[in-house]
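Accompanying notes for the structure given below.
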Amino acid sequence: MSHPHNLLGEPPATLLPGNPEADAALAAGADPAEVAAAHPTVSAAWAALAEQALDRPDGGLSATIEAYAYARTGYHRGLDALRRNGWKGFGPVPWSHEGNRGFLRSVTLLARAAGAIGEDAEQERCAQLLRDCDPDLAA
């Protein structure tokens, strides 16, 4: 007999709390470096810094490495927050929840930067993490 679902169930989705002050500052166009300095645990600020670095037209390899470092910081800050909020290393972390987006953006940007420097194993780990966190996002 075949069962299409995991009989043990899946843990509930982890929904990270937002940081209203940092979120408002980023939404208003504040310098992400200032937001990261004031709120170093906010993954969204690190993701914004990684995006800036990757999107610089004259960035080259140095900007890619800078983006990699920013994205990795956002990824690790996000893992810390996930664990504080009950995540055990698996289970849904949906993009639909605004508080999760900084972490998921950081993972996406880390994958992008890793791919750009040929770190294929890291790029695939990040892609798998995104699929595990939110299959709709990875699609």
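If you're wondering about the labels, chains in the structure tokens are A, B, ... by order shown, residues count from 1 in each chain, ligands from 1 in order shown.
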
query = Got a sec: who's within 12 Å of Arg131 (chain A), counting only C-alpha atoms, leaving out chain neighbours fewer than 5 positions off, as a ChimeraX atom specification?
reply = /A:90-95,104,107-108,124-126,136-139

Go ahead and write the selection's residues with C-alpha atoms as a JSON list (two decimals), in the first residue's frame.
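Result file selection_9.json:
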[["chain", "number", "residue", "atom", "x", "y", "z"],
["A", 90, "PHE", "CA", 13.95, 21.05, 8.70],
["A", 91, "GLY", "CA", 10.39, 22.01, 7.98],
["A", 92, "PRO", "CA", 8.70, 24.83, 6.14],
["A", 93, "VAL", "CA", 9.97, 28.39, 6.21],
["A", 94, "PRO", "CA", 7.45, 29.98, 3.83],
["A", 95, "TRP", "CA", 8.24, 32.99, 1.65],
["A", 104, "LEU", "CA", 15.35, 33.31, 2.18],
["A", 107, "VAL", "CA", 20.13, 31.99, 0.93],
["A", 108, "THR", "CA", 19.19, 32.85, -2.66],
["A", 124, "GLU", "CA", 23.46, 23.22, -4.65],
["A", 125, "ARG", "CA", 23.21, 23.11, -0.82],
["A", 126, "CYS", "CA", 21.56, 26.51, -0.88],
["A", 136, "ASP", "CA", 6.93, 27.05, -4.28],
["A", 137, "LEU", "CA", 9.78, 29.54, -3.91],
["A", 138, "ALA", "CA", 12.33, 27.21, -5.48],
["A", 139, "ALA", "CA", 10.10, 26.69, -8.51]]

request  = Enumerate, as a VMD selection string, the complete set of residues in chain A that a backbone-based DSSP assignment places in alpha helix (DSSP H).
outcome  = chain A and resid 20 to 27 32 to 38 43 to 55 60 to 84 101 to 116 120 to 133 135 to 138

request  = Could you check which of A:Arg112, A:Gly74, A:Ala44, A:His97 is closest to Asn19 (chain A), using only C-alpha atoms?
outcome  = A:Ala44

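Taking CA of Leu82 (chain A) and CA of Asp55 (chain A) as the two end points, the separation is 27.8 Å.
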
message = Can you measure CA of Leu79 (chain A) to CA of Leu130 (chain A) for me? One decimal in Å is fine.
response = 12.8 Å

task = Mind checking which residues fall within 12 Å of region 26-38 of chain A, counting only C-alpha atoms, ignoring those fewer than 2 positions away in the same chain, and posting them as a list in words?
result =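 My reading of the contact set: Asn19, Pro20, Glu21, Ala22, Asp23, Ala24, Pro40, Thr41, Val42, Ser43, Ala44, Ala45, Trp46, Ala47, Ala48, Leu49, Ala50, Glu51, Gln52, Ala53, Tyr70, Thr73, Gly74, Arg77 and Gly102 of chain A.
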
Let's have the selection written as a compact mmCIF listing (two decimals), in the first residue's frame, with C-alpha atoms.
# COMPACT_ATOMS: atom_id res chain seq x y z
CA ASN A 19 11.93 43.92 13.07
CA PRO A 20 9.57 46.86 12.45
CA GLU A 21 12.27 49.51 12.83
CA ALA A 22 14.72 47.84 10.42
CA ASP A 23 11.96 46.82 8.02
CA ALA A 24 10.64 50.39 7.87
CA PRO A 40 23.08 43.28 12.87
CA THR A 41 20.73 40.33 13.45
CA VAL A 42 18.35 41.36 10.63
CA SER A 43 18.94 39.12 7.61
CA ALA A 44 17.07 41.50 5.30
CA ALA A 45 19.76 44.17 5.78
CA TRP A 46 22.52 41.69 4.87
CA ALA A 47 20.51 40.51 1.86
CA ALA A 48 20.13 44.11 0.69
CA LEU A 49 23.91 44.61 1.00
CA ALA A 50 24.53 41.43 -1.01
CA GLU A 51 22.10 42.60 -3.70
CA GLN A 52 23.84 45.97 -3.92
CA ALA A 53 27.21 44.31 -4.33
CA TYR A 70 27.11 39.63 3.13
CA THR A 73 26.16 36.68 7.23
CA GLY A 74 22.44 37.04 6.51
CA ARG A 77 21.83 35.35 11.27
CA GLY A 102 15.37 38.27 4.66

request  = Check the smallest atom-to-atom distance from each of A:Ser106, A:Ser96, A:Gln128, A:Asn85 to Ala67 (chain A) using only C-alpha atoms, then report the winner.
outcome  =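 Under the stated criterion, the closest residue is A:Ser106.
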
task = Kindly indicate which residue among A:Ala113, A:Gly9, A:Gln123, A:Cys133 lies nearest to Gly60 (chain A), using only C-alpha atoms for the distances.
result =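 Comparing A:Ala113, A:Gly9, A:Gln123, A:Cys133 against Gly60 (chain A), the winner is A:Ala113.
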
Can you list, as a compact mmCIF listing (two decimals) with C-alpha atoms, in the first residue's frame, every protein, DNA or RNA residue that comes within 9 Å of Ala116 (chain A) when you count only C-alpha atoms, leaving out same-chain residues fewer than 5 positions away?
# COMPACT_ATOMS: atom_id res chain seq x y z
CA LEU A 61 35.05 39.47 -8.70
CA THR A 64 30.93 38.96 -5.91
CA ALA A 111 23.61 30.51 -3.99

inquiry  = Please compute the CA of Leu15 (chain A)-CA of Gly99 (chain A) distance, one decimal, in Å.
reply    =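 Between these atoms lies a distance of 6.6 Å.
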